[in-house]
$ cat work_13.txt   # compact mmCIF, C-alpha atoms
# COMPACT_ATOMS: atom_id res chain seq x y z
CA ASP A 1 -215.29 -102.49 90.89
CA GLU A 2 -212.77 -101.71 88.17
CA GLY A 3 -211.96 -105.38 87.67
CA ALA A 4 -215.62 -106.18 86.96
CA GLN A 5 -215.64 -103.47 84.29
CA TRP A 6 -212.54 -104.86 82.57
CA GLY A 7 -214.39 -107.46 80.49
CA LYS A 8 -217.68 -105.68 79.88
CA MET A 9 -219.29 -104.83 76.53
CA SER A 10 -217.79 -101.87 74.72
CA ASP A 11 -219.93 -98.85 74.06
CA ASP A 12 -219.20 -98.43 70.35
CA GLY A 13 -222.72 -99.10 69.14
CA LYS A 14 -221.80 -102.41 67.51
CA GLY A 15 -221.96 -104.61 70.62
CA GLN A 16 -218.40 -105.72 69.97
CA LEU A 17 -216.72 -107.27 72.97
CA VAL A 18 -213.37 -105.73 73.76
CA TRP A 19 -212.02 -109.20 74.48
CA GLU A 20 -214.01 -111.13 71.88
CA ASP A 21 -211.05 -113.04 70.43
CA LEU A 22 -209.54 -113.78 73.82
CA LEU A 23 -212.83 -115.06 75.24
CA LYS A 24 -212.94 -117.70 72.50
CA VAL A 25 -209.84 -119.18 74.10
CA VAL A 26 -210.47 -118.75 77.82
CA GLN A 27 -214.21 -119.54 77.87
CA ARG A 28 -214.24 -122.70 75.78
CA SER A 29 -212.92 -126.08 76.79
CA GLY A 30 -210.94 -128.31 74.47
CA PRO A 31 -208.53 -131.25 74.27
CA LEU A 32 -205.58 -129.06 75.39
CA ALA A 33 -207.30 -127.54 78.41
CA ALA A 34 -205.82 -128.18 81.85
CA PRO A 35 -207.57 -130.85 83.98
CA ASP A 36 -208.95 -128.23 86.39
CA PHE A 37 -210.31 -125.96 83.63
CA GLN A 38 -213.90 -124.77 84.03
CA VAL A 39 -215.76 -122.27 81.89
CA ASP A 40 -215.94 -119.12 83.97
CA PRO A 41 -218.04 -116.14 82.81
CA ASP A 42 -216.09 -114.02 85.29
CA VAL A 43 -212.70 -114.96 83.81
CA MET A 44 -211.75 -111.48 82.57
CA ARG A 45 -212.28 -109.90 85.97
CA LYS A 46 -210.11 -112.57 87.59
CA LEU A 47 -207.50 -112.16 84.87
CA ALA A 48 -207.44 -108.41 85.50
CA ALA A 49 -206.81 -108.98 89.21
CA PHE A 50 -204.15 -111.69 88.70
CA PRO A 51 -200.88 -110.21 90.11
CA VAL A 52 -197.88 -110.58 87.79
CA LEU A 53 -194.32 -109.28 88.17
CA VAL A 54 -192.29 -108.62 85.03
CA VAL A 55 -188.56 -108.60 85.80
CA GLY A 56 -186.67 -106.47 83.32
CA ALA A 57 -187.91 -103.67 81.07
CA GLY A 58 -185.39 -104.08 78.24
CA GLY A 59 -185.82 -105.67 74.83
CA LEU A 60 -187.76 -108.67 76.14
CA GLY A 61 -189.46 -106.75 78.95
CA CYS A 62 -190.99 -104.16 76.61
CA GLU A 63 -192.54 -106.91 74.51
CA LEU A 64 -193.74 -108.74 77.62
CA LEU A 65 -195.52 -105.70 79.06
CA LYS A 66 -197.29 -105.05 75.77
CA ASP A 67 -198.30 -108.69 75.31
CA LEU A 68 -199.55 -109.14 78.88
CA ALA A 69 -201.62 -105.96 78.72
CA LEU A 70 -203.20 -107.00 75.41
CA SER A 71 -203.94 -110.43 76.91
CA GLY A 72 -206.10 -108.96 79.67
CA PHE A 73 -203.62 -108.68 82.55
CA ARG A 74 -204.05 -105.42 84.43
CA ASN A 75 -202.40 -106.02 87.81
CA VAL A 76 -198.86 -105.92 86.43
CA HIS A 77 -195.71 -104.70 88.17
CA VAL A 78 -192.35 -104.22 86.47
CA ILE A 79 -188.91 -103.85 88.04
CA ASP A 80 -185.67 -102.69 86.41
CA MET A 81 -182.73 -100.69 87.66
CA ASP A 82 -181.39 -99.48 84.29
CA THR A 83 -181.84 -96.19 82.50
CA ILE A 84 -182.58 -95.78 78.79
CA GLU A 85 -179.68 -95.41 76.36
CA TYR A 86 -179.66 -94.47 72.68
CA SER A 87 -178.51 -97.99 71.76
CA ASN A 88 -181.80 -99.35 73.19
CA LEU A 89 -184.05 -97.48 70.78
CA ASN A 90 -183.71 -99.84 67.81
CA ARG A 91 -185.56 -102.68 69.59
CA GLN A 92 -187.01 -101.43 72.90
CA PHE A 93 -190.01 -99.86 71.22
CA LEU A 94 -191.66 -98.35 74.31
CA PHE A 95 -188.90 -95.74 74.48
CA ARG A 96 -188.22 -92.58 72.48
CA ALA A 97 -185.15 -90.37 72.07
CA SER A 98 -186.59 -87.92 74.60
CA ASP A 99 -186.59 -90.73 77.19
CA VAL A 100 -182.81 -91.28 77.14
CA GLY A 101 -181.42 -91.12 80.66
CA LYS A 102 -184.78 -91.91 82.32
CA PRO A 103 -185.60 -95.14 84.23
CA LYS A 104 -186.72 -97.96 81.94
CA ALA A 105 -189.34 -99.31 84.37
CA GLN A 106 -191.03 -95.94 84.79
CA ILE A 107 -191.15 -95.04 81.09
CA ALA A 108 -192.25 -98.54 80.03
CA ALA A 109 -195.08 -98.56 82.57
CA ASP A 110 -196.21 -95.07 81.56
CA PHE A 111 -196.24 -96.03 77.88
CA VAL A 112 -198.26 -99.23 78.39
CA ASN A 113 -200.71 -97.46 80.69
CA ARG A 114 -201.19 -94.69 78.14
CA ARG A 115 -201.15 -96.51 74.80
CA VAL A 116 -202.24 -100.08 75.52
CA ILE A 117 -204.35 -100.27 78.66
CA GLY A 118 -205.61 -96.68 78.44
CA PRO A 119 -207.74 -97.06 75.26
CA ILE A 120 -209.21 -100.32 76.58
CA ALA A 121 -210.01 -98.63 79.89
CA ALA A 122 -211.81 -95.86 78.00
CA LEU A 123 -214.20 -98.52 76.64
CA THR A 124 -214.54 -100.65 79.75
CA GLY A 125 -214.30 -98.02 82.48
CA ALA A 126 -211.34 -99.73 84.16
CA GLY A 127 -208.26 -97.66 84.85
CA PRO A 128 -204.68 -98.52 83.85
CA HIS A 129 -202.57 -100.33 86.38
CA VAL A 130 -198.96 -101.11 85.50
CA VAL A 131 -196.78 -100.27 88.50
CA PRO A 132 -193.06 -99.50 88.01
CA HIS A 133 -190.28 -100.22 90.50
CA VAL A 134 -186.87 -98.69 89.85
CA GLY A 135 -184.08 -100.56 91.62
CA LYS A 136 -182.21 -103.82 92.03
CA LEU A 137 -183.93 -107.17 92.52
CA GLN A 138 -181.77 -107.80 95.57
CA ASP A 139 -182.96 -104.61 97.26
CA MET A 140 -186.60 -105.69 97.39
CA PRO A 141 -187.80 -107.56 100.52
CA GLN A 142 -189.24 -111.06 100.36
CA GLU A 143 -192.70 -109.68 101.10
CA PHE A 144 -192.56 -107.80 97.81
CA TYR A 145 -192.20 -111.03 95.82
CA LYS A 146 -194.75 -112.93 97.90
CA GLN A 147 -197.60 -110.71 96.65
CA PHE A 148 -197.38 -112.12 93.12
CA LYS A 149 -198.90 -115.30 91.74
CA LEU A 150 -196.55 -115.38 88.76
CA ILE A 151 -193.17 -113.92 87.84
CA VAL A 152 -192.13 -113.47 84.21
CA ALA A 153 -188.41 -112.84 83.77
CA GLY A 154 -186.88 -111.04 80.82
CA LEU A 155 -183.36 -110.83 82.21
CA ASP A 156 -180.06 -110.53 80.36
CA SER A 157 -177.73 -112.40 82.70
CA VAL A 158 -177.40 -115.88 84.16
CA GLN A 159 -176.43 -114.42 87.54
CA ALA A 160 -179.70 -112.49 87.90
CA ARG A 161 -181.74 -115.55 86.91
CA ARG A 162 -179.89 -117.68 89.47
CA TRP A 163 -180.58 -115.13 92.20
CA LEU A 164 -184.29 -114.89 91.39
CA ASN A 165 -184.64 -118.67 91.09
CA ALA A 166 -182.93 -119.24 94.44
CA LEU A 167 -185.16 -116.64 96.07
CA LEU A 168 -188.36 -118.27 94.80
CA CYS A 169 -187.12 -121.67 96.00
CA SER A 170 -186.44 -120.21 99.44
CA LEU A 171 -190.03 -118.94 99.66
CA VAL A 172 -191.51 -122.44 99.31
CA SER A 173 -192.80 -124.00 102.54
CA ARG A 174 -192.37 -127.75 102.98
CA ASP A 175 -193.46 -130.17 105.64
CA PRO A 176 -190.37 -130.80 107.84
CA GLN A 177 -191.25 -134.48 108.18
CA THR A 178 -192.41 -135.50 104.72
CA GLY A 179 -190.91 -132.74 102.62
CA GLU A 180 -194.29 -132.22 100.98
CA VAL A 181 -194.60 -128.85 99.28
CA ASP A 182 -197.30 -126.34 100.24
CA PRO A 183 -198.72 -125.37 96.81
CA ALA A 184 -199.89 -122.01 98.13
CA THR A 185 -196.26 -120.94 98.62
CA VAL A 186 -195.10 -121.90 95.12
CA ILE A 187 -194.66 -118.89 92.84
CA PRO A 188 -194.20 -120.04 89.22
CA MET A 189 -191.51 -118.38 87.13
CA ILE A 190 -191.58 -118.07 83.35
CA ASP A 191 -188.06 -117.40 82.14
CA GLY A 192 -187.50 -115.98 78.68
CA GLY A 193 -184.13 -115.33 77.10
CA THR A 194 -182.74 -114.34 73.70
CA GLU A 195 -179.32 -114.31 72.08
CA GLY A 196 -179.22 -113.13 68.50
CA PHE A 197 -181.58 -115.35 66.49
CA LYS A 198 -181.88 -117.87 69.31
CA GLY A 199 -184.17 -117.86 72.31
CA HIS A 200 -185.81 -119.97 74.97
CA VAL A 201 -188.87 -120.11 77.20
CA ARG A 202 -188.82 -122.06 80.41
CA VAL A 203 -191.54 -122.77 82.96
CA ILE A 204 -190.33 -123.31 86.52
CA LEU A 205 -192.38 -124.49 89.50
CA PRO A 206 -189.97 -124.41 92.47
CA TYR A 207 -189.58 -127.84 94.13
CA ILE A 208 -192.06 -129.35 91.65
CA THR A 209 -190.29 -129.11 88.30
CA ALA A 210 -186.61 -128.62 87.53
CA CYS A 211 -185.55 -125.14 88.63
CA PHE A 212 -183.09 -122.90 86.84
CA GLU A 213 -180.20 -124.10 89.00
CA CYS A 214 -180.90 -127.75 88.13
CA ALA A 215 -179.57 -127.12 84.62
CA ILE A 216 -176.92 -124.50 85.32
CA ASP A 217 -174.27 -126.68 83.70
CA ALA A 218 -176.13 -126.29 80.38
CA PHE A 219 -174.90 -122.70 80.26
CA PRO A 220 -171.31 -122.24 79.06
CA PRO A 221 -169.13 -120.39 81.58
CA GLN A 222 -168.40 -116.76 80.78
CA ILE A 223 -165.40 -116.25 78.49
CA LYS A 224 -162.29 -115.49 80.52
CA TYR A 225 -159.00 -114.19 79.10
CA PRO A 226 -155.64 -115.35 80.54
CA VAL A 227 -154.22 -112.75 82.91
CA CYS A 228 -150.77 -113.06 81.34
CA THR A 229 -152.23 -112.09 77.96
CA ILE A 230 -154.17 -109.06 79.12
CA ALA A 231 -151.26 -107.90 81.29
CA THR A 232 -148.37 -108.14 78.85
CA GLU A 233 -149.49 -109.04 75.31
CA PRO A 234 -152.97 -107.63 74.58
CA ARG A 235 -154.09 -108.25 71.00
CA LEU A 236 -157.82 -107.49 71.11
CA PRO A 237 -159.88 -104.54 72.37
CA GLU A 238 -161.47 -107.00 74.81
CA HIS A 239 -158.03 -107.61 76.32
CA CYS A 240 -157.66 -103.90 77.06
CA ILE A 241 -161.09 -103.76 78.67
CA GLU A 242 -160.36 -106.80 80.83
CA TRP A 243 -157.02 -105.22 81.79
CA ALA A 244 -158.85 -102.12 82.98
CA ALA A 245 -161.39 -104.18 84.95
CA GLN A 246 -159.14 -106.88 86.43
CA LEU A 247 -155.81 -105.10 86.92
CA ALA A 248 -156.18 -101.33 86.74
CA TRP A 249 -159.36 -101.06 88.81
CA PRO A 250 -158.07 -102.78 91.99
CA SER A 251 -154.61 -101.21 91.68
CA ALA A 252 -153.77 -98.45 94.13
CA ASP A 253 -151.54 -96.91 91.46
CA SER A 254 -154.46 -96.17 89.12
CA ALA A 255 -155.92 -92.72 89.56
CA LYS A 256 -159.71 -92.85 89.73
CA PRO A 257 -162.46 -90.71 91.29
CA PHE A 258 -163.46 -93.49 93.70
CA LEU A 259 -162.28 -94.55 97.13
CA GLN A 260 -159.60 -97.23 97.09
CA GLY A 261 -161.25 -100.59 97.65
CA THR A 262 -164.52 -99.60 95.95
CA ARG A 263 -165.98 -102.68 94.31
CA LEU A 264 -166.54 -102.48 90.56
CA ASP A 265 -170.24 -102.16 89.79
CA PRO A 266 -171.02 -102.98 86.12
CA ASP A 267 -174.35 -101.15 86.48
CA ASN A 268 -172.75 -97.89 87.66
CA PRO A 269 -172.37 -95.49 84.67
CA ALA A 270 -169.45 -93.70 86.35
CA HIS A 271 -167.57 -97.00 86.79
CA ILE A 272 -168.20 -98.01 83.17
CA LYS A 273 -167.05 -94.60 81.93
CA TRP A 274 -163.79 -94.91 83.87
CA LEU A 275 -163.21 -98.42 82.51
CA TYR A 276 -163.85 -97.23 78.95
CA GLU A 277 -161.45 -94.30 79.23
CA THR A 278 -158.76 -96.43 80.87
CA ALA A 279 -159.14 -99.24 78.32
CA ALA A 280 -159.08 -96.72 75.43
CA ALA A 281 -155.81 -95.26 76.72
CA ARG A 282 -154.35 -98.76 77.03
CA ALA A 283 -155.49 -99.63 73.50
CA LYS A 284 -153.95 -96.46 72.07
CA GLU A 285 -150.66 -97.26 73.79
CA LYS A 286 -150.64 -100.79 72.33
CA GLY A 287 -151.87 -99.77 68.87
CA ILE A 288 -155.20 -101.60 69.19
CA ALA A 289 -158.39 -100.19 67.66
CA GLY A 290 -162.01 -100.91 68.51
CA VAL A 291 -162.47 -99.99 72.19
CA THR A 292 -165.88 -98.31 72.48
CA LEU A 293 -168.22 -97.54 75.34
CA GLN A 294 -170.72 -100.08 74.01
CA LEU A 295 -168.06 -102.81 73.77
CA THR A 296 -166.87 -101.99 77.28
CA GLN A 297 -170.40 -102.52 78.61
CA GLY A 298 -170.71 -105.72 76.62
CA VAL A 299 -167.46 -107.21 77.95
CA VAL A 300 -167.97 -106.20 81.57
CA LYS A 301 -171.66 -107.15 81.71
CA ASN A 302 -171.37 -110.03 79.22
CA ILE A 303 -174.03 -108.49 76.99
CA VAL A 304 -175.04 -110.48 73.91
CA PRO A 305 -176.54 -109.13 70.64
CA ALA A 306 -180.31 -108.60 70.63
CA ILE A 307 -182.69 -108.81 67.66
CA ALA A 308 -186.18 -107.32 67.84
CA SER A 309 -187.95 -110.19 66.04
CA THR A 310 -186.46 -112.78 68.41
CA ASN A 311 -187.58 -110.72 71.40
CA ALA A 312 -191.11 -110.53 69.98
CA ILE A 313 -191.38 -114.29 69.40
CA VAL A 314 -190.02 -115.29 72.80
CA ALA A 315 -192.09 -112.68 74.65
CA ALA A 316 -195.25 -113.90 72.90
CA ALA A 317 -194.50 -117.46 74.03
CA CYS A 318 -193.94 -116.21 77.61
CA ALA A 319 -197.22 -114.28 77.60
CA ASN A 320 -198.97 -117.37 76.26
CA GLU A 321 -197.67 -119.40 79.21
CA ALA A 322 -198.77 -116.65 81.62
CA LEU A 323 -202.29 -116.78 80.19
CA LYS A 324 -202.32 -120.57 80.69
CA PHE A 325 -201.37 -120.19 84.35
CA ALA A 326 -204.00 -117.53 85.00
CA THR A 327 -206.92 -119.25 83.25
CA SER A 328 -206.04 -123.00 82.94
CA ALA A 329 -207.30 -122.71 79.35
CA SER A 330 -204.43 -124.96 78.28
CA GLN A 331 -201.79 -127.10 79.91
CA SER A 332 -198.47 -125.42 80.62
CA LEU A 333 -195.23 -126.01 78.78
CA ASP A 334 -193.33 -129.01 80.16
CA ASN A 335 -190.96 -127.40 80.65
CA TYR A 336 -188.41 -125.94 78.19
CA MET A 337 -188.81 -124.63 74.64
CA MET A 338 -185.90 -123.51 72.50
CA TYR A 339 -186.21 -121.35 69.40
CA ASN A 340 -183.71 -120.91 66.57
CA GLY A 341 -184.43 -118.47 63.77
CA ALA A 342 -180.96 -118.35 62.24
CA GLU A 343 -181.97 -120.54 59.29
CA GLY A 344 -185.72 -120.64 58.95
CA THR A 345 -187.80 -121.26 62.06
CA TYR A 346 -187.04 -124.14 64.38
CA THR A 347 -188.44 -124.94 67.83
CA TYR A 348 -187.93 -127.90 70.08
CA THR A 349 -189.52 -128.72 73.43
CA PHE A 350 -188.17 -131.06 76.08
CA GLU A 351 -188.37 -131.63 79.83
CA TYR A 352 -185.55 -130.77 82.21
CA THR A 353 -185.53 -133.10 85.22
CA ARG A 354 -184.81 -132.12 88.79
CA LYS A 355 -181.28 -132.55 90.06
CA ASP A 356 -180.90 -134.19 93.48
CA SER A 357 -177.80 -132.15 94.36
CA CYS A 358 -179.27 -128.84 93.12
CA LEU A 359 -178.06 -125.85 95.13
CA ALA A 360 -181.52 -124.27 95.10
CA CYS A 361 -184.10 -127.08 95.29
CA GLY A 362 -182.05 -130.22 96.01
CA SER A 363 -179.90 -131.56 98.81
CA LYS A 364 -177.42 -128.69 98.33
CA SER A 365 -174.63 -131.18 98.88
CA THR A 366 -171.86 -132.42 96.62
CA GLN A 367 -168.67 -134.44 96.98
CA TYR A 368 -165.24 -133.13 95.95
CA THR A 369 -162.13 -135.25 95.52
CA VAL A 370 -159.01 -133.22 96.16
CA SER A 371 -155.49 -133.57 97.50
CA ALA A 372 -154.91 -132.79 101.16
CA ASP A 373 -151.88 -130.77 100.04
CA SER A 374 -153.95 -128.52 97.76
CA THR A 375 -154.13 -124.94 98.93
CA LEU A 376 -157.39 -123.23 99.75
CA GLN A 377 -156.85 -121.01 96.70
CA GLU A 378 -156.58 -124.09 94.48
CA LEU A 379 -159.85 -125.41 95.90
CA ILE A 380 -161.54 -122.08 95.19
CA ASP A 381 -160.15 -122.17 91.64
CA MET A 382 -161.69 -125.63 91.22
CA LEU A 383 -165.06 -124.28 92.36
CA HIS A 384 -164.73 -121.41 89.89
CA ALA A 385 -164.01 -123.81 87.03
CA ASP A 386 -166.83 -126.24 87.88
CA ALA A 387 -169.52 -125.76 85.20
CA SER A 388 -172.10 -127.45 87.42
CA LEU A 389 -171.66 -124.76 90.09
CA GLN A 390 -170.53 -121.59 88.24
CA LEU A 391 -169.77 -119.73 91.46
CA SER A 392 -168.52 -116.16 91.18
CA HIS A 393 -167.19 -115.12 94.62
CA PRO A 394 -167.40 -118.14 96.96
CA SER A 395 -166.84 -117.80 100.69
CA LEU A 396 -165.98 -120.86 102.78
CA ARG A 397 -166.52 -121.97 106.36
CA SER A 398 -165.39 -125.19 107.99
CA GLU A 399 -167.72 -127.81 109.44
CA ALA A 400 -166.77 -126.58 112.90
CA GLY A 401 -167.95 -123.08 111.97
CA SER A 402 -164.61 -121.33 111.59
CA THR A 403 -164.28 -118.88 108.72
CA LEU A 404 -161.73 -120.02 106.15
CA TYR A 405 -162.20 -117.26 103.57
CA MET A 406 -164.73 -114.48 103.12
CA GLN A 407 -165.07 -112.43 99.94
CA ALA A 408 -166.78 -109.54 101.72
CA PRO A 409 -166.71 -107.22 103.57
CA PRO A 410 -163.14 -106.01 102.81
CA VAL A 411 -162.12 -106.27 106.47
CA LEU A 412 -162.95 -109.99 106.59
CA ARG A 413 -161.42 -110.59 103.16
CA GLU A 414 -158.12 -109.13 104.32
CA ALA A 415 -158.25 -111.04 107.61
CA THR A 416 -158.83 -114.40 105.94
CA ALA A 417 -156.62 -113.87 102.83
CA PRO A 418 -153.56 -115.58 104.48
CA ASN A 419 -155.55 -118.85 104.50
CA LEU A 420 -155.51 -118.95 100.70
CA ALA A 421 -151.87 -120.05 100.65
CA ARG A 422 -152.35 -122.75 103.28
CA THR A 423 -153.05 -126.37 102.42
CA LEU A 424 -156.28 -128.06 103.41
CA ARG A 425 -154.28 -130.23 105.80
CA GLN A 426 -152.73 -127.15 107.44
CA LEU A 427 -156.21 -125.67 107.88
CA GLY A 428 -157.22 -128.73 109.91
CA LEU A 429 -159.56 -130.19 107.30
CA ALA A 430 -159.91 -133.97 107.06
CA SER A 431 -161.17 -136.39 104.45
CA GLY A 432 -164.90 -136.89 104.92
CA GLY A 433 -165.27 -133.47 106.49
CA SER A 434 -167.51 -130.76 105.09
CA LEU A 435 -167.25 -127.14 104.07
CA SER A 436 -170.06 -124.62 103.83
CA VAL A 437 -169.83 -122.58 100.61
CA SER A 438 -171.88 -119.44 100.01
CA ASP A 439 -171.94 -117.19 96.96
CA PRO A 440 -173.60 -113.85 96.09
CA ALA A 441 -175.30 -115.48 93.09
CA LEU A 442 -177.38 -117.65 95.44
CA PRO A 443 -179.21 -115.79 98.24
CA ASP A 444 -179.87 -117.69 101.47
CA VAL A 445 -178.24 -120.82 100.03
CA SER A 446 -175.17 -122.66 101.31
CA LEU A 447 -173.55 -125.54 99.46
CA ARG A 448 -172.36 -128.39 101.64
CA LEU A 449 -169.06 -129.53 100.15
CA ARG A 450 -167.93 -132.95 101.39
CA LEU A 451 -164.17 -133.39 100.92
CA VAL A 452 -162.57 -136.68 99.92
CA PHE A 453 -158.77 -136.66 99.94
CA ASN A 454 -157.07 -138.71 97.21
$ encode --input "work_13.txt" --output "structure tokens"
Amino acid sequence: DEGAQWGKMSDDGKGQLVWEDLLKVVQRSGPLAAPDFQVDPDVMRKLAAFPVLVVGAGGLGCELLKDLALSGFRNVHVIDMDTIEYSNLNRQFLFRASDVGKPKAQIAADFVNRRVIGPIAALTGAGPHVVPHVGKLQDMPQEFYKQFKLIVAGLDSVQARRWLNALLCSLVSRDPQTGEVDPATVIPMIDGGTEGFKGHVRVILPYITACFECAIDAFPPQIKYPVCTIATEPRLPEHCIEWAAQLAWPSADSAKPFLQGTRLDPDNPAHIKWLYETAAARAKEKGIAGVTLQLTQGVVKNIVPAIASTNAIVAAACANEALKFATSASQSLDNYMMYNGAEGTYTYTFEYTRKDSCLACGSKSTQYTVSADSTLQELIDMLHADASLQLSHPSLRSEAGSTLYMQAPPVLREATAPNLARTLRQLGLASGGSLSVSDPALPDVSLRLRLVFN
């Protein structure tokens, strides 16, 4: 079959193995090899068949696809919902100016199939096989993710990482009596991230090692500007953009080519264009310079600067971990590596530990001390401000099952909005009682919030 051809001798007359350098690593044991490592002459065929999903085809994703292909992986899928923009071309090297406006996943897969895997296939007789998927992570069914033995994430937002982490935790099967994990249902995730000259690589084994949610409080909450400032005294271009997003967008008085009540989608180009034009008009009125389309995207989507060299270093480390998982040639990272290239080159590795109250892999329960006379809105504000939770749009139900507040759909939000002004006592909640909290950032996960009245 094609997989058997993937590691064969090249036909260049010199007897040079296509994978000569790689075979020195994956076919020789050593002091760093994993305990279950065995020399396998068929390793390249197995590596070619090893199913990997790359999440994101941006700056990190482009590097990941190239590195995985050059490391012998052939059964690679990539998913991304974005299209290529001119601003991507300085670091996302799989794209060209003629690709602007086209789906990133499709163009990245085509490029790797043509330029990386294609020449190797010409020597080995094995065809290219990088499969693109254009769309949102949330739109793919669970069966799609279950087909992979490894997921490598090159995402640009904490929210997307939380969603993917929670999904992988939900796919793990455990014995209902002992809680023992079925290893066959564990899909490892390698998470890479960059921010300027800094980056990280993290290896996550759901329910075995600390998951992404276990250390969510290590991430600083997104910068938020006071509403009073953006509404009456804007001083920065960011204030004008936040005004357009927070105040002008939901206002019925703002003319826009969308139905009233349409939810702002940061990934919708038409929505971003409207925000940019509205913010630019606001900035001109207030005598503020600096509102651009790129800045608008950065503020709304919380985009951070990207540097090509940092992407290359972090992606190489991620691909290295992927090769370890597929071949057991070396023991995996345990379990977090940080990189800082701002002044020289600095790396540091340490182990995150599992959190008992983790929303994704723990008890999903936490205790909250609050006044019985606090309103439901004040409780929601507390949840928003809690760095250990970082919820975006929480919905709440009482222990008895009654709906206290729902963020969506709009009909339920309007029906439950009057509860926001009521106190917890007025809503019939008692000290020691529990609330069920759900949030879009965490699929199929409900936080059990036990209330203690002070």
$ atom_distance --input "work_13.txt" --atom1 "atom CA of Gln38 of chain A" --atom2 "atom CA of Phe50 of chain A"
17.0 Å
$ closest_atom_pairs --input "work_13.txt" --of "segment 328-413 of chain A" --to "segment 433-442 of chain A" --cutoff "6 Å" --atoms "all atoms listed in the file" --output "CSV"
residue,atom,partner,partner_atom,distance
A:His393,CA,A:Asp439,CA,5.7
A:Pro394,CA,A:Asp439,CA,4.6
A:Ser395,CA,A:Ser438,CA,5.3
A:Leu396,CA,A:Val437,CA,4.7
A:Arg397,CA,A:Ser436,CA,5.1
A:Ser398,CA,A:Leu435,CA,4.8
A:Glu399,CA,A:Ser434,CA,5.3
$ residues_near_point --input "work_13.txt" --point "(-156.5, -100.1, 87.6)" --cutoff "12 Å" --atoms "only C-alpha atoms" --output "NGL selection string"
:A and (231 or 240-258 or 260-264 or 271 or 274-279 or 281-282)
$ closest_residue --input "work_13.txt" --among "A:Leu259, A:Ala372, A:Leu47, A:Ile230" --to "Lys286 of chain A" --atoms "all atoms listed in the file"
A:Ile230
$ atom_distance --input "work_13.txt" --atom1 "atom CA of Asp110 of chain A" --atom2 "atom CA of Asn88 of chain A"
17.2 Å
$ closest_residue --input "work_13.txt" --among "A:Val116, A:Ala69, A:Ala270, A:Leu391" --to "Asp217 of chain A" --atoms "all atoms listed in the file"
A:Leu391
